[in-house]
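Q: Just one file: data.csv, with CSV, C-alpha atoms.
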```
chain,number,residue,atom,x,y,z
A,203,MET,CA,175.5,115.4,36.0
A,204,PHE,CA,174.9,116.2,32.4
A,205,LYS,CA,174.0,112.6,31.6
A,206,VAL,CA,171.4,112.5,34.4
A,207,THR,CA,169.8,115.7,33.3
A,208,LEU,CA,169.7,114.6,29.6
A,209,LEU,CA,168.2,111.2,30.6
A,210,THR,CA,165.5,113.0,32.7
A,211,ALA,CA,164.6,115.3,29.8
A,212,VAL,CA,164.3,112.3,27.4
A,213,LEU,CA,162.1,110.4,29.8
A,214,ALA,CA,159.9,113.5,30.3
A,215,PHE,CA,159.5,113.9,26.6
A,216,ALA,CA,158.7,110.2,26.1
A,217,PHE,CA,155.8,110.3,28.5
A,218,THR,CA,154.4,113.8,27.7
A,219,GLY,CA,155.7,115.0,24.3
A,220,CYS,CA,154.1,112.5,21.9
A,221,THR,CA,150.7,111.7,23.5
A,222,LYS,CA,147.6,113.7,24.0
A,223,ASP,CA,145.9,113.4,27.4
A,224,ASP,CA,142.6,112.4,25.8
A,225,ASP,CA,144.4,109.4,24.1
A,226,TYR,CA,144.1,107.7,27.5
A,227,GLU,CA,140.6,108.9,28.4
A,228,VAL,CA,138.3,106.0,29.3
A,229,LYS,CA,135.2,106.4,27.2
A,230,SER,CA,131.9,106.3,29.0
A,231,PHE,CA,130.0,103.0,28.7
A,232,ASN,CA,126.4,103.2,27.9
A,233,PRO,CA,124.5,100.2,29.4
A,234,LEU,CA,122.1,98.6,26.9
A,235,VAL,CA,118.4,98.2,27.4
A,236,PHE,CA,118.0,96.5,24.0
A,237,ALA,CA,120.2,95.5,21.1
A,238,GLU,CA,119.8,93.7,17.7
A,239,ASP,CA,122.4,93.0,15.1
A,240,PHE,CA,120.5,90.5,12.9
A,241,THR,CA,123.2,87.9,13.1
A,242,GLY,CA,123.0,84.1,13.3
A,243,VAL,CA,120.3,83.5,10.7
A,244,GLY,CA,120.5,82.4,7.0
A,245,ASP,CA,121.4,84.7,4.1
A,246,ASN,CA,118.7,85.9,1.8
A,247,THR,CA,115.9,84.3,3.7
A,248,VAL,CA,112.7,85.7,5.2
A,249,LEU,CA,113.7,87.2,8.5
A,250,ASN,CA,112.5,85.0,11.4
A,251,ILE,CA,113.9,86.0,14.8
A,252,ALA,CA,112.2,85.1,18.0
A,253,ASN,CA,109.7,87.7,19.3
A,254,TRP,CA,110.1,89.9,16.2
A,255,THR,CA,107.1,90.5,14.0
A,256,ASN,CA,107.6,90.4,10.2
A,257,TYR,CA,104.3,91.4,8.7
A,258,ALA,CA,103.3,92.1,5.1
A,259,GLU,CA,100.4,94.6,5.3
A,260,VAL,CA,99.9,94.9,1.5
A,261,GLY,CA,101.4,92.4,-1.0
A,262,THR,CA,103.4,89.4,0.0
A,263,THR,CA,106.9,90.8,0.5
A,264,LYS,CA,108.5,90.6,3.9
A,265,TRP,CA,111.8,91.7,5.4
A,266,LYS,CA,114.7,89.4,4.7
A,267,GLN,CA,117.9,88.5,6.5
A,268,GLN,CA,121.0,89.3,4.5
A,269,ILE,CA,124.7,88.7,5.1
A,270,TYR,CA,127.5,90.6,3.4
A,271,SER,CA,131.2,90.2,4.3
A,272,GLY,CA,130.1,88.4,7.4
A,273,ASN,CA,127.7,91.2,8.6
A,274,GLY,CA,124.1,90.4,9.0
A,275,TYR,CA,121.3,93.0,8.5
A,276,ALA,CA,117.6,93.2,7.8
A,277,GLU,CA,116.5,94.2,4.3
A,278,PHE,CA,113.3,95.1,2.6
A,279,SER,CA,113.1,95.0,-1.2
A,280,SER,CA,110.1,94.8,-3.4
A,281,TYR,CA,112.2,94.2,-6.5
A,282,GLN,CA,110.4,91.7,-8.9
A,283,SER,CA,107.8,90.9,-6.2
A,284,GLY,CA,105.1,91.1,-8.9
A,285,ASN,CA,102.9,93.1,-6.4
A,286,LEU,CA,101.6,96.5,-7.4
A,287,THR,CA,102.1,97.7,-3.9
A,288,ASP,CA,104.2,96.2,-1.0
A,289,ILE,CA,104.0,97.5,2.5
A,290,ALA,CA,105.9,95.5,5.2
A,291,TRP,CA,106.6,96.0,8.9
A,292,LEU,CA,109.5,94.7,11.0
A,293,ILE,CA,108.5,95.1,14.7
A,294,SER,CA,110.7,94.5,17.7
A,295,PRO,CA,109.9,92.5,20.7
A,296,ALA,CA,108.4,94.4,23.7
A,297,ILE,CA,111.0,96.6,25.3
A,298,ASN,CA,110.4,97.5,29.0
A,299,MET,CA,111.1,101.2,29.7
A,300,ASP,CA,110.5,101.2,33.4
A,301,ALA,CA,113.8,99.9,34.7
A,302,HIS,CA,115.9,102.9,33.6
A,303,GLU,CA,115.7,106.6,32.8
A,304,GLY,CA,117.1,108.7,29.9
A,305,GLU,CA,116.8,106.0,27.3
A,306,LYS,CA,117.9,106.8,23.7
A,307,LEU,CA,117.6,104.8,20.5
A,308,VAL,CA,120.2,104.6,17.8
A,309,PHE,CA,120.4,102.4,14.6
A,310,GLN,CA,121.9,102.4,11.2
A,311,SER,CA,120.2,102.3,7.8
A,312,SER,CA,121.0,102.4,4.1
A,313,GLN,CA,119.3,102.2,0.8
A,314,ALA,CA,120.0,100.9,-2.7
A,315,TYR,CA,118.3,101.9,-6.0
A,316,VAL,CA,115.7,104.1,-4.2
A,317,SER,CA,114.8,106.8,-6.7
A,318,SER,CA,111.5,108.1,-5.3
A,319,SER,CA,110.4,109.3,-1.8
A,320,ALA,CA,107.3,107.1,-2.3
A,321,ASN,CA,109.6,104.1,-2.0
A,322,SER,CA,109.9,104.9,1.7
A,323,LEU,CA,111.2,103.8,5.1
A,324,GLN,CA,109.6,104.9,8.4
A,325,VAL,CA,110.6,104.3,12.0
A,326,LEU,CA,107.7,104.2,14.4
A,327,ILE,CA,106.9,103.5,18.1
A,328,SER,CA,103.9,102.0,19.8
A,329,THR,CA,102.8,101.5,23.4
A,330,ASP,CA,99.6,99.6,22.7
A,331,PHE,CA,100.7,97.0,20.1
A,332,ASP,CA,99.3,93.6,21.3
A,333,GLY,CA,101.9,91.6,19.5
A,334,THR,CA,99.5,90.5,16.7
A,335,ASN,CA,97.2,93.2,15.3
A,336,VAL,CA,99.7,95.6,13.7
A,337,THR,CA,97.3,98.0,12.0
A,338,ALA,CA,95.1,98.2,15.1
A,339,ALA,CA,97.9,99.7,17.2
A,340,THR,CA,98.8,103.4,17.5
A,341,TRP,CA,102.1,104.0,15.8
A,342,THR,CA,103.9,107.3,16.2
A,343,PRO,CA,106.7,108.3,13.8
A,344,LEU,CA,110.2,108.9,15.3
A,345,ASN,CA,112.5,111.6,14.0
A,346,ALA,CA,115.5,109.7,12.7
A,347,THR,CA,118.2,110.5,10.1
A,348,LEU,CA,117.4,108.1,7.2
A,349,PRO,CA,119.0,107.6,3.8
A,350,THR,CA,117.8,109.9,1.1
A,351,THR,CA,117.5,109.0,-2.6
A,352,SER,CA,121.0,110.5,-3.2
A,353,ALA,CA,122.6,108.4,-0.5
A,354,THR,CA,125.4,106.0,-1.5
A,355,TYR,CA,124.0,102.5,-2.1
A,356,PHE,CA,124.5,100.1,0.8
A,357,GLU,CA,126.4,102.7,2.9
A,358,PHE,CA,125.0,102.6,6.4
A,359,ILE,CA,124.3,106.0,8.1
A,360,LYS,CA,123.6,106.7,11.7
A,361,SER,CA,120.1,107.6,12.8
A,362,GLY,CA,121.3,110.1,15.4
A,363,GLU,CA,120.2,109.7,19.1
A,364,ILE,CA,116.5,109.5,19.4
A,365,ASP,CA,115.1,110.4,22.9
A,366,LEU,CA,112.8,107.8,24.3
A,367,SER,CA,113.0,109.0,27.9
A,368,GLY,CA,109.3,110.0,28.0
A,369,TYR,CA,108.1,106.5,27.5
A,370,THR,CA,107.1,104.0,30.2
A,371,GLY,CA,105.9,100.5,30.2
A,372,ASN,CA,106.5,98.3,27.2
A,373,ILE,CA,107.3,99.9,23.8
A,374,TYR,CA,107.6,98.4,20.3
A,375,LEU,CA,109.8,99.7,17.5
A,376,ALA,CA,108.7,99.3,13.9
A,377,PHE,CA,110.5,99.7,10.6
A,378,LYS,CA,107.9,100.2,7.9
A,379,CYS,CA,108.7,100.1,4.2
A,380,LYS,CA,106.6,100.8,1.1
A,381,GLY,CA,107.5,99.8,-2.4
A,382,SER,CA,106.3,98.2,-5.6
A,383,GLY,CA,107.3,95.1,-7.6
A,384,THR,CA,105.8,96.4,-10.8
A,385,ASN,CA,106.8,100.0,-10.8
A,386,THR,CA,110.6,100.2,-11.3
A,387,ALA,CA,110.6,103.7,-9.7
A,388,LEU,CA,109.5,102.1,-6.5
A,389,ASP,CA,111.4,98.8,-6.3
A,390,GLY,CA,114.5,99.9,-4.4
A,391,SER,CA,115.6,98.4,-1.0
A,392,TYR,CA,116.3,99.5,2.5
A,393,GLN,CA,118.7,98.0,5.0
A,394,ILE,CA,118.6,98.2,8.9
A,395,ASP,CA,121.3,97.2,11.3
A,396,ASN,CA,122.8,97.8,14.8
A,397,ILE,CA,119.7,98.8,16.7
A,398,ARG,CA,120.5,99.9,20.2
A,399,ILE,CA,118.5,101.4,23.1
A,400,PHE,CA,120.8,102.6,25.9
A,401,TYR,CA,120.7,104.9,28.9
```
Could you render the structure from this file as C-alpha cells?
A:
Amino acid sequence: MFKVTLLTAVLAFAFTGCTKDDDYEVKSFNPLVFAEDFTGVGDNTVLNIANWTNYAEVGTTKWKQQIYSGNGYAEFSSYQSGNLTDIAWLISPAINMDAHEGEKLVFQSSQAYVSSSANSLQVLISTDFDGTNVTAATWTPLNATLPTTSATYFEFIKSGEIDLSGYTGNIYLAFKCKGSGTNTALDGSYQIDNIRIFY
C-alpha cells in the first residue's frame, strides 16, 4: 500500500510540480497580410526586389541589400557617396487592406554611425501612390519606434505594433532616409528587416 501511495505521489509531482501551465499554452497565430525579409538577393548590391520601388529623390544613393551571418536586410547609407545630400525611398508593393480587419504593422530597424537627427529615417504610408511618381503621392508619417543616435550599432529594435485598421483599398509603405556623402555628421546608415502586416 505504501509503495502504491508513494508511486502515485511521484507521478503527480512529475506532471504538476516542475511545469507551469503556460509552458504548454498554444500561442495565438496571427495570419499575415504581407511579409518581407529581404532574403534571396545578392550581398551589398542595389536592392532590386519585384514590385518594390527603390528611388533616389536627391543624389544617386539607393537602398542596398545586405547579408550578415546569413540574414538579409535592407540598408541605406550615404557614406562616401560624394553627394551633398542623399534622400532615398524604399517603397513596398501595393498591399490590399480590404480582405481583413484589424491590420497591424511591425518591422525591425537599426542604425550605425548615426550622430545627428538630420541623418534620419521615416516610415510613411500612402493610399494614392501610382507606383511611379513618388513625390506626387500623399505620404503620411507612421508613429513607429525607431533607433535613436544612442542606439547600439546594428542592433535591431522592434517598431511596436502600428494600427493600420483604418485603411481600405491599396496602401504602400515607404522607408525614407536622408543623409550626406560629404558631411561626416550625416553619413550614417539605417537597416530595415522583418516587415509584417498581420490581423
Q: Separation of atom CA of Gln393 of chain A and atom CA of Ser280 of chain A, in Å?
A: 12.4 Å
Q: Would you pick out the contacts of Thr262 of chain A at 12 Å or less, using all atoms listed in the file, so that residues sharing its chain but fewer than 2 positions from it are not included, and give the list as a list in words?
A: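 In the requested form, the answer reads Val248, Asn256, Tyr257, Ala258, Glu259, Val260, Lys264, Trp265, Phe278, Ser279, Ser280, Tyr281, Gln282, Ser283, Gly284, Asn285, Leu286, Thr287, Asp288, Ile289, Ala290, Trp291, Lys380, Gly381, Ser382 and Gly383 of chain A.
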Q: Can you list, as a PyMOL selection string, every protein, DNA or RNA residue that comes within 12 Å of Ser328 of chain A when you count all atoms listed in the file, leaving out same-chain residues fewer than 3 positions away?
A: chain A and resi 293-297+325+331-333+335-344+366+369-377
Q: When distances are computed from all atoms listed in the file, which of A:Thr263, A:Gln268, A:Ser367, A:Ser319 shows the smallest separation from Ile394 of chain A?
A: A:Gln268
Q: Using Å and a single decimal, report how far atom CA of Gly362 of chain A sits from atom CA of Leu323 of chain A.
A: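 Separating atom CA of Leu323 of chain A from atom CA of Gly362 of chain A is a distance of 15.7 Å.
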Q: Taking only C-alpha atoms into account, name the residue in A:Val243, A:Asn321, A:Lys378, A:Tyr270 that is nearest to Thr351 of chain A.
A: A:Asn321
Q: Compile a residue-level contact table for segment 274-374 of chain A against segment 230-241 of chain A at a cut-off of 10 Å, reporting for every qualifying residue the shortest atom pair and its distance in Å to one decimal, with all atoms listed in the file counted, rows ordered by chain and ascending number, as a Markdown table.
A:
```
| residue | atom | partner | partner_atom | distance |
| --- | --- | --- | --- | --- |
| A:Gly274 | CA | A:Thr241 | CA | 4.9 |
| A:Tyr275 | CA | A:Phe240 | CA | 5.1 |
| A:Ala276 | CA | A:Phe240 | CA | 6.5 |
| A:Ser294 | CA | A:Glu238 | CA | 9.1 |
| A:Pro295 | CA | A:Phe236 | CA | 9.6 |
| A:Ala296 | CA | A:Phe236 | CA | 9.8 |
| A:Ile297 | CA | A:Phe236 | CA | 7.1 |
| A:Asn298 | CA | A:Val235 | CA | 8.2 |
| A:Met299 | CA | A:Val235 | CA | 8.2 |
| A:Ala301 | CA | A:Val235 | CA | 8.8 |
| A:His302 | CA | A:Val235 | CA | 8.2 |
| A:Glu305 | CA | A:Val235 | CA | 8.0 |
| A:Lys306 | CA | A:Val235 | CA | 9.4 |
| A:Leu307 | CA | A:Phe236 | CA | 9.0 |
| A:Val308 | CA | A:Ala237 | CA | 9.7 |
| A:Phe309 | CA | A:Glu238 | CA | 9.3 |
```
Q: Using only C-alpha atoms, please write the residues we just selected to a file, as a compact mmCIF listing (two decimals), in the coordinates of the input.
A:
```txt
# COMPACT_ATOMS: atom_id res chain seq x y z
CA GLY A 274 124.10 90.40 9.00
CA TYR A 275 121.30 93.00 8.50
CA ALA A 276 117.60 93.20 7.80
CA SER A 294 110.70 94.50 17.70
CA PRO A 295 109.90 92.50 20.70
CA ALA A 296 108.40 94.40 23.70
CA ILE A 297 111.00 96.60 25.30
CA ASN A 298 110.40 97.50 29.00
CA MET A 299 111.10 101.20 29.70
CA ALA A 301 113.80 99.90 34.70
CA HIS A 302 115.90 102.90 33.60
CA GLU A 305 116.80 106.00 27.30
CA LYS A 306 117.90 106.80 23.70
CA LEU A 307 117.60 104.80 20.50
CA VAL A 308 120.20 104.60 17.80
CA PHE A 309 120.40 102.40 14.60
```
Q: Can you pull out every residue within 12 Å of Gln313 of chain A, counting only C-alpha atoms, but drop anything in the same chain fewer than 2 positions away, and send it as a PyMOL selection string?
A: chain A and resi 276-279+310-311+315-319+321-323+348-359+379+389-395
Q: How many Å lie between atom CA of Ala320 of chain A and atom CA of Leu388 of chain A, rounded to one decimal?
A: 6.9 Å
Q: When distances are computed from only C-alpha atoms, which of A:Asp245, A:Ser361, A:Thr347, A:Gln324 shows the smallest separation from Ser271 of chain A?
A: A:Asp245
Q: Rebuild segment 269-295 of chain A so that it carries N, CA, C and O atoms, then output the result as a CSV table (one decimal), keeping the file's coordinate frame.
A:
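Final file, result_31.csv:
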```csv
chain,number,residue,atom,x,y,z
A,269,ILE,N,123.3,88.7,4.5
A,269,ILE,CA,124.7,88.7,5.1
A,269,ILE,C,125.6,89.2,4.0
A,269,ILE,O,125.6,88.7,2.9
A,270,TYR,N,126.5,90.2,4.3
A,270,TYR,CA,127.5,90.6,3.4
A,270,TYR,C,128.8,90.8,4.1
A,270,TYR,O,128.8,91.5,5.1
A,271,SER,N,129.8,90.2,3.6
A,271,SER,CA,131.2,90.2,4.3
A,271,SER,C,131.1,89.9,5.8
A,271,SER,O,131.7,90.5,6.6
A,272,GLY,N,130.2,88.9,6.1
A,272,GLY,CA,130.1,88.4,7.4
A,272,GLY,C,129.2,89.3,8.3
A,272,GLY,O,129.0,88.9,9.5
A,273,ASN,N,128.6,90.4,7.8
A,273,ASN,CA,127.7,91.2,8.6
A,273,ASN,C,126.3,90.9,8.2
A,273,ASN,O,125.9,91.0,7.1
A,274,GLY,N,125.5,90.6,9.2
A,274,GLY,CA,124.1,90.4,9.0
A,274,GLY,C,123.3,91.7,9.2
A,274,GLY,O,123.6,92.5,10.0
A,275,TYR,N,122.2,91.8,8.4
A,275,TYR,CA,121.3,93.0,8.5
A,275,TYR,C,120.0,92.6,8.0
A,275,TYR,O,119.8,91.6,7.3
A,276,ALA,N,119.0,93.4,8.3
A,276,ALA,CA,117.6,93.2,7.8
A,276,ALA,C,117.4,94.1,6.5
A,276,ALA,O,117.9,95.2,6.4
A,277,GLU,N,116.7,93.5,5.5
A,277,GLU,CA,116.5,94.2,4.3
A,277,GLU,C,115.1,94.1,3.8
A,277,GLU,O,114.6,93.0,3.8
A,278,PHE,N,114.5,95.2,3.3
A,278,PHE,CA,113.3,95.1,2.6
A,278,PHE,C,113.5,95.5,1.1
A,278,PHE,O,114.0,96.6,0.8
A,279,SER,N,113.0,94.7,0.2
A,279,SER,CA,113.1,95.0,-1.2
A,279,SER,C,111.9,94.4,-1.9
A,279,SER,O,111.6,93.2,-1.7
A,280,SER,N,111.2,95.3,-2.7
A,280,SER,CA,110.1,94.8,-3.4
A,280,SER,C,110.4,94.4,-4.9
A,280,SER,O,109.6,94.2,-5.7
A,281,TYR,N,111.7,94.4,-5.2
A,281,TYR,CA,112.2,94.2,-6.5
A,281,TYR,C,111.7,92.8,-7.1
A,281,TYR,O,111.8,91.8,-6.4
A,282,GLN,N,111.0,92.9,-8.2
A,282,GLN,CA,110.4,91.7,-8.9
A,282,GLN,C,109.5,90.9,-8.0
A,282,GLN,O,109.3,89.7,-8.2
A,283,SER,N,108.8,91.6,-7.1
A,283,SER,CA,107.8,90.9,-6.2
A,283,SER,C,106.6,90.5,-7.0
A,283,SER,O,105.8,89.6,-6.7
A,284,GLY,N,106.3,91.3,-8.1
A,284,GLY,CA,105.1,91.1,-8.9
A,284,GLY,C,103.9,91.8,-8.3
A,284,GLY,O,102.8,91.8,-8.9
A,285,ASN,N,104.0,92.5,-7.1
A,285,ASN,CA,102.9,93.1,-6.4
A,285,ASN,C,102.9,94.6,-6.9
A,285,ASN,O,104.0,95.3,-6.9
A,286,LEU,N,101.7,95.1,-7.1
A,286,LEU,CA,101.6,96.5,-7.4
A,286,LEU,C,102.0,97.4,-6.3
A,286,LEU,O,102.7,98.4,-6.5
A,287,THR,N,101.7,97.0,-5.1
A,287,THR,CA,102.1,97.7,-3.9
A,287,THR,C,102.6,96.7,-2.8
A,287,THR,O,102.0,95.6,-2.6
A,288,ASP,N,103.7,97.0,-2.2
A,288,ASP,CA,104.2,96.2,-1.0
A,288,ASP,C,104.4,97.2,0.2
A,288,ASP,O,105.0,98.2,0.1
A,289,ILE,N,103.8,96.8,1.3
A,289,ILE,CA,104.0,97.5,2.5
A,289,ILE,C,104.3,96.4,3.6
A,289,ILE,O,103.5,95.5,3.8
A,290,ALA,N,105.5,96.5,4.2
A,290,ALA,CA,105.9,95.5,5.2
A,290,ALA,C,106.5,96.2,6.4
A,290,ALA,O,107.1,97.2,6.4
A,291,TRP,N,106.2,95.5,7.6
A,291,TRP,CA,106.6,96.0,8.9
A,291,TRP,C,107.6,95.0,9.5
A,291,TRP,O,107.3,93.8,9.4
A,292,LEU,N,108.6,95.5,10.1
A,292,LEU,CA,109.5,94.7,11.0
A,292,LEU,C,109.4,95.3,12.4
A,292,LEU,O,109.8,96.5,12.6
A,293,ILE,N,108.9,94.5,13.3
A,293,ILE,CA,108.5,95.1,14.7
A,293,ILE,C,109.3,94.3,15.7
A,293,ILE,O,109.3,93.1,15.8
A,294,SER,N,109.9,95.1,16.6
A,294,SER,CA,110.7,94.5,17.7
A,294,SER,C,109.9,93.8,18.7
A,294,SER,O,108.7,94.0,18.8
A,295,PRO,N,110.5,93.0,19.6
A,295,PRO,CA,109.9,92.5,20.7
A,295,PRO,C,109.5,93.7,21.7
A,295,PRO,O,109.9,94.8,21.5
```
